[in-house]
Each structure stands twice: as structure tokens, then as C-alpha cells.
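Novice: Structure below; questions to follow.
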Amino acid sequence: MKAWTKIGLLAAAVAVALPAAAQDVTLKFHHIWNTQAMASVNVINPWCEKIAKESNNRLKCQIFPAMSLGGTPPQLVDQVKDGVTDLTITLPGYTAGRFPAMEVFELPFMTNSAEAAAQAAWEYLQKYATREFPGTKILAVWTHDEGLVHTKDKQVKTLEDFKGLKMRAPTRQTNKLLASLGAAPVGMPLPAIPDAISKGTIDGFTLPWEPLPSLKLQEMVKYHTETHPSRPSLYSAVFIFGMNQAKYDSLPADLKKVIDDNSGMALSKQIGAVWDASRGPARKLAQDRGNVFLELSPAETDRWIAASAKLYDEWVDDMNKRGLPGKQMLDDARALLAKYKK
């Protein structure tokens, strides 16, 4: 009887252990974009397909696009931290001032390349900013392609043309940038732009080219103003790809390895390159529609750079007040951007 009891206990232990070793895991993936957006088609779907393949379909994504799981875009950082969702891609800058260390890459005129900025941001994150994301495992970080000015009725040709314009901005630093240039900044996340531009709540917006097609924004504005290519672009915004830390910790070792193999510096660089590549096709749609383009001269671009230069000092002072080495952080970010410059 004792022997049979031992066998029964052993069998029960094996029965429990086997499902744990070969468990199937479905990850809830919540984000801001609709299913036609470049990020959905070229980043999110391929990543989910890749982890499914490499895990023999034991890791799967259940994707909730366009905030369909509920809440607002600024709440995504807490949704992934608190386990409401397992995965998200969002902009930390949607929650103004909460992630100040990463804001260094949202200062004006820092970079022309999303691929270079992605690598710089990943290395910088490891040194200065992982503490800003408790409860969240950061899988990748990057910036978008070159940010520029899009307006509905008035073309921005000079610094003075910003006066009186209500301009949408995505982050605290971009709001400060627009104010320094003379515009009236209006902070709002991406999904709110079409309604705001159609109702006249804003006269224009700052965005890279990438998101315009999915929202048909190139049909809602007429003018596009780009800074001179010999200078860094007007602005960038930082994205993070985050996973709930407890969910990651709960995975068996082999599934953790699948996540690890599809995250980090390599993934950040890859996504940055995807954003850079999106510029041409999106811009062409505005060209084909007959929209009006203006490339600023080097001299006029330098006027914009000079007008916004105080934002660097303000950010450094803010970091210093938080007990962080602000000047060193800014210098490191610039050095990393130069290191990875294409």
C-alpha cells in the first residue's frame, strides 16, 4: 500500500510539473494604433508572430488595438505596470514629467535618425532610467523619424509665423518647444488629432510622417514645414515597448529566453530603422495630394534652434533638482547619438 501511495504521489507530481514546463501563455497587448497603422503592420504583428514561431506557439499575443481594452493613452504605462495588460507600446511623454530622465531625447534638435536614437536611448536607459519604470520590463526603446510642422490654413515659413497658431504637441518638452517658438501649444495624444483639427481646436500639429496615413491627416492639412537636413530635426518623441514584470517573471525559463531573444538593443535598433523607412511612403501621399512643402534654410533653422536653446538648461536644472547629474546626462545622450549616427 505504501508503494502504491508513493507511485500515486509521484504520478501526481509529474502531472502537475508537465503542464508547468510546457504551458501555453497568451499575452494581452494593448496599444494606441489602429490595425492599419504602420506600427501595427510592421512592428507589433511581426513581433507577435516571431515569438509564437520561436516558442512553438506556446507564446501568443492577444492584441487590443486602438485602446480597445479601455482607458486613455496616458494610462498605458500604468496598465502594463499594474498587469491590466501584459504588453504595451506607448510614449512615456504622454504622462508629463513622470519620466524626466528619458525626456533628454525629446529635447529639440537632437537627431535626424530614429535608428541611431534607438540605440543611443537603449544604452542611456540602462545607465539612467530603468528606475523610472518599476514593475515594467522594458523590451525596447526608440524615437520616431524626423518631427516636423503640419498646418491646415497657414504655412509656417519663419519663426514669426508661429504667432497665434494653436499647435498640438505630444509631450511636455514638445509643448515647451512650441511655446519657445511662439505658438500656443495644445497637448494631446495621437488619436485625438483628427477631431481636433477638423473642429478647429488646433491649427496644426507636430508629427513625424509615419502616423499621417493611418489617420488620413495628410488630407486634413495643406502645409508641411521641414527643417534643413543639415541640422538635427525639430523634435523627437520617445517610445517604450514594455512588459509587465510579474508576467515575465512567471514564465518558464525557455519562454523567458524567447522574450529575451526578441528584446533589447537589437530590437530597439530594428524598430528605429522601421520608423526611418516609413518616412518616404507617408510623405509621398501628401505630395501626391498636392500639399505644399517648405524646407527651411540653414539660417532660418538656426533661428529656431536659438529660440529653443533655453530648454536644454531648463532640463538640466530639473534633473539637478531631482538629485541627478543633469549636465552629464545631456552630454552622455549627445555622445551616444554621435556614437550611433549613421
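Going by the C-alpha cells order, chains are called A, B, ..., each with residues numbered from 1, while ligands are numbered from 1 in the order shown.
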Excluding A:Asp195 and any residue of its chain fewer than 6 positions from it, enumerate the residues within 12 Å of it, using only C-alpha atoms, and give them as a PyMOL selection string.

Specialist: chain A and resi 168+188-189+201-204+215-217+220

Novice: Using only C-alpha atoms, find the one residue out of A:Leu125, A:Lys257, A:Gln23, A:Leu190 that sits nearest to A:Glu54.

Specialist: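 Of all the options, A:Lys257 lies closest to A:Glu54.
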
Novice: Which is closest to A:Ser180 among A:Ala338, A:Leu27, A:Leu139, A:Leu159, if we use only C-alpha atoms?

Specialist: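 Closest residue, counting only C-alpha atoms: A:Leu159.
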
Novice: Can you list every residue of stretch 185-243 of chain A that has an atom at most 12 Å from stretch 266-272 of chain A, with its nearest atom pair and the distance in Å to one decimal, using only C-alpha atoms, ordered by chain then number, as JSON lines?

Specialist:
{"residue": "A:Glu210", "atom": "CA", "partner": "A:Gly272", "partner_atom": "CA", "distance": 11.8}
{"residue": "A:Ser236", "atom": "CA", "partner": "A:Gly272", "partner_atom": "CA", "distance": 11.8}
{"residue": "A:Ala237", "atom": "CA", "partner": "A:Gly272", "partner_atom": "CA", "distance": 11.9}
{"residue": "A:Val238", "atom": "CA", "partner": "A:Gly272", "partner_atom": "CA", "distance": 10.7}
{"residue": "A:Phe239", "atom": "CA", "partner": "A:Ser268", "partner_atom": "CA", "distance": 9.8}
{"residue": "A:Ile240", "atom": "CA", "partner": "A:Ser268", "partner_atom": "CA", "distance": 9.2}
{"residue": "A:Phe241", "atom": "CA", "partner": "A:Ser268", "partner_atom": "CA", "distance": 9.0}
{"residue": "A:Gly242", "atom": "CA", "partner": "A:Ser268", "partner_atom": "CA", "distance": 11.9}

Novice: Those selected residues, please, written with all heavy atoms and delivered as a PDB file, in the first residue's frame.

Specialist:
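That gives us again37.pdb:
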ATOM      1  N   GLU A 210       5.283  59.224 -40.228  1.00  0.00           N
ATOM      2  CA  GLU A 210       4.766  57.858 -40.070  1.00  0.00           C
ATOM      3  C   GLU A 210       3.271  57.740 -39.773  1.00  0.00           C
ATOM      4  O   GLU A 210       2.569  56.961 -40.404  1.00  0.00           O
ATOM      5  CB  GLU A 210       5.600  57.140 -38.994  1.00  0.00           C
ATOM      6  CG  GLU A 210       5.034  55.812 -38.524  1.00  0.00           C
ATOM      7  CD  GLU A 210       4.157  55.968 -37.297  1.00  0.00           C
ATOM      8  OE1 GLU A 210       4.537  56.703 -36.387  1.00  0.00           O
ATOM      9  OE2 GLU A 210       3.072  55.347 -37.277  1.00  0.00           O
ATOM     10  N   SER A 236      11.866  64.942 -31.416  1.00  0.00           N
ATOM     11  CA  SER A 236      11.574  63.514 -31.403  1.00  0.00           C
ATOM     12  C   SER A 236      10.758  63.209 -30.157  1.00  0.00           C
ATOM     13  O   SER A 236      10.807  63.951 -29.174  1.00  0.00           O
ATOM     14  CB  SER A 236      12.856  62.671 -31.375  1.00  0.00           C
ATOM     15  OG  SER A 236      13.630  62.861 -32.526  1.00  0.00           O
ATOM     16  N   ALA A 237      10.029  62.116 -30.199  1.00  0.00           N
ATOM     17  CA  ALA A 237       9.338  61.615 -29.015  1.00  0.00           C
ATOM     18  C   ALA A 237       9.801  60.188 -28.759  1.00  0.00           C
ATOM     19  O   ALA A 237      10.096  59.438 -29.693  1.00  0.00           O
ATOM     20  CB  ALA A 237       7.823  61.670 -29.199  1.00  0.00           C
ATOM     21  N   VAL A 238       9.871  59.828 -27.500  1.00  0.00           N
ATOM     22  CA  VAL A 238      10.389  58.519 -27.096  1.00  0.00           C
ATOM     23  C   VAL A 238       9.240  57.526 -26.958  1.00  0.00           C
ATOM     24  O   VAL A 238       8.196  57.827 -26.377  1.00  0.00           O
ATOM     25  CB  VAL A 238      11.130  58.634 -25.746  1.00  0.00           C
ATOM     26  CG1 VAL A 238      11.505  57.255 -25.213  1.00  0.00           C
ATOM     27  CG2 VAL A 238      12.374  59.503 -25.902  1.00  0.00           C
ATOM     28  N   PHE A 239       9.445  56.324 -27.505  1.00  0.00           N
ATOM     29  CA  PHE A 239       8.529  55.202 -27.332  1.00  0.00           C
ATOM     30  C   PHE A 239       9.185  54.152 -26.447  1.00  0.00           C
ATOM     31  O   PHE A 239      10.398  53.947 -26.523  1.00  0.00           O
ATOM     32  CB  PHE A 239       8.208  54.526 -28.663  1.00  0.00           C
ATOM     33  CG  PHE A 239       7.411  55.362 -29.625  1.00  0.00           C
ATOM     34  CD1 PHE A 239       8.040  56.281 -30.457  1.00  0.00           C
ATOM     35  CD2 PHE A 239       6.037  55.212 -29.720  1.00  0.00           C
ATOM     36  CE1 PHE A 239       7.316  57.034 -31.364  1.00  0.00           C
ATOM     37  CE2 PHE A 239       5.301  55.958 -30.620  1.00  0.00           C
ATOM     38  CZ  PHE A 239       5.934  56.879 -31.442  1.00  0.00           C
ATOM     39  N   ILE A 240       8.375  53.470 -25.653  1.00  0.00           N
ATOM     40  CA  ILE A 240       8.853  52.276 -24.964  1.00  0.00           C
ATOM     41  C   ILE A 240       7.966  51.092 -25.326  1.00  0.00           C
ATOM     42  O   ILE A 240       6.767  51.240 -25.555  1.00  0.00           O
ATOM     43  CB  ILE A 240       8.855  52.442 -23.425  1.00  0.00           C
ATOM     44  CG1 ILE A 240       7.450  52.762 -22.898  1.00  0.00           C
ATOM     45  CG2 ILE A 240       9.863  53.482 -22.983  1.00  0.00           C
ATOM     46  CD1 ILE A 240       7.154  52.201 -21.546  1.00  0.00           C
ATOM     47  N   PHE A 241       8.579  49.932 -25.405  1.00  0.00           N
ATOM     48  CA  PHE A 241       7.879  48.658 -25.543  1.00  0.00           C
ATOM     49  C   PHE A 241       8.048  47.975 -24.200  1.00  0.00           C
ATOM     50  O   PHE A 241       9.154  47.568 -23.838  1.00  0.00           O
ATOM     51  CB  PHE A 241       8.523  47.854 -26.680  1.00  0.00           C
ATOM     52  CG  PHE A 241       7.834  46.549 -27.021  1.00  0.00           C
ATOM     53  CD1 PHE A 241       8.332  45.772 -28.058  1.00  0.00           C
ATOM     54  CD2 PHE A 241       6.719  46.094 -26.337  1.00  0.00           C
ATOM     55  CE1 PHE A 241       7.731  44.576 -28.404  1.00  0.00           C
ATOM     56  CE2 PHE A 241       6.101  44.900 -26.670  1.00  0.00           C
ATOM     57  CZ  PHE A 241       6.606  44.134 -27.710  1.00  0.00           C
ATOM     58  N   GLY A 242       6.966  47.907 -23.426  1.00  0.00           N
ATOM     59  CA  GLY A 242       7.064  47.418 -22.063  1.00  0.00           C
ATOM     60  C   GLY A 242       6.271  46.143 -21.835  1.00  0.00           C
ATOM     61  O   GLY A 242       5.241  45.909 -22.469  1.00  0.00           O
TER      62      GLY A 242
END

Novice: Within 8 Å of stretch 108-117 of chain A, counting only C-alpha atoms, which residues show up once you throw out same-chain ones fewer than 2 positions away? Write them as a ChimeraX atom specification, please.

Specialist: /A:105-106,119-121,142-146,173-174,177,229,231-236,268-273,275-276,305,308,311,334,337,340-342

Novice: How many Å separate atom CA of A:Phe133 from atom CA of A:Met167?

Specialist: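 Rounded to one decimal, the two atoms are 29.5 Å apart.
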
Novice: Could you tell me how far atom CA of A:Ala96 lies from atom CA of A:Asn175, in Å and to one decimal?

Specialist: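 For atom CA of A:Ala96 relative to atom CA of A:Asn175, the distance reads 10.1 Å.
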
Novice: Atom CA of A:Gly147 to atom CA of A:Gly280: how many Å, to one decimal?

Specialist: 13.4 Å

Novice: As a count of residues only, please: the residues near A:Lys327 (cut-off 12 Å, only C-alpha atoms, same-chain neighbours under 5 positions excluded).

Specialist: 15

Novice: Looking only at the backbone, which of the residues in stretch 267-306 of chain A does DSSP tag as strand (DSSP E), as number ranges by chain?

Specialist: A: 292-295

Novice: For the selection just defined, write its residues with N, CA and C atoms to a file, as a tab-separated table (two decimals), in the first residue's frame.

Specialist:
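In the end it all went to part24.tsv:
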chain	number	residue	atom	x	y	z
A	292	VAL	N	1.52	71.45	-49.95
A	292	VAL	CA	2.61	72.42	-50.14
A	292	VAL	C	3.71	72.13	-49.13
A	293	PHE	N	4.94	72.01	-49.63
A	293	PHE	CA	6.10	71.69	-48.79
A	293	PHE	C	7.05	72.88	-48.75
A	294	LEU	N	7.67	73.04	-47.56
A	294	LEU	CA	8.71	74.05	-47.42
A	294	LEU	C	9.84	73.47	-46.60
A	295	GLU	N	11.06	73.57	-47.13
A	295	GLU	CA	12.25	73.20	-46.38
A	295	GLU	C	12.93	74.49	-45.94

Novice: Would you please work out which residue, of A:Thr227, A:Ser40, A:Gln245, A:Gln328, is nearest to A:Pro65 when using only C-alpha atoms?

Specialist: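 With only C-alpha atoms as the atom set, the closest residue is A:Ser40.
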
Novice: Please extract the residues of stretch 141-212 of chain A with a backbone DSSP assignment of alpha helix (DSSP H) and present them as a list in words.

Specialist: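 The alpha helix (DSSP H) subset of stretch 141-212 of chain A is Arg172, Gln173, Thr174, Asn175, Lys176, Leu177, Leu178, Ala179, Ser180, Leu181, Ile193, Pro194, Asp195, Ala196, Ile197, Ser198, Lys199 and Leu212 of chain A.
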
Novice: Can you tell me, as a VMD selection string, what residues are no more than 10 Å from A:Leu165 when counting only C-alpha atoms, ignoring any on the same chain fewer than 5 positions away?

Specialist: chain A and resid 151 154 156 178 182 to 185 202 to 205

Novice: Using only C-alpha atoms, which residues sit within 10 Å of A:Phe64 once same-chain residues fewer than 5 positions away are excluded, as a ChimeraX atom specification?

Specialist: /A:28-35,69-70,85,88

Novice: Of the candidates A:Asp249, A:Asp24, A:Asp331, A:Glu160, which one gets nearest to A:Leu181 if we count only C-alpha atoms?

Specialist: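 Selected residue with least distance to A:Leu181: A:Glu160.
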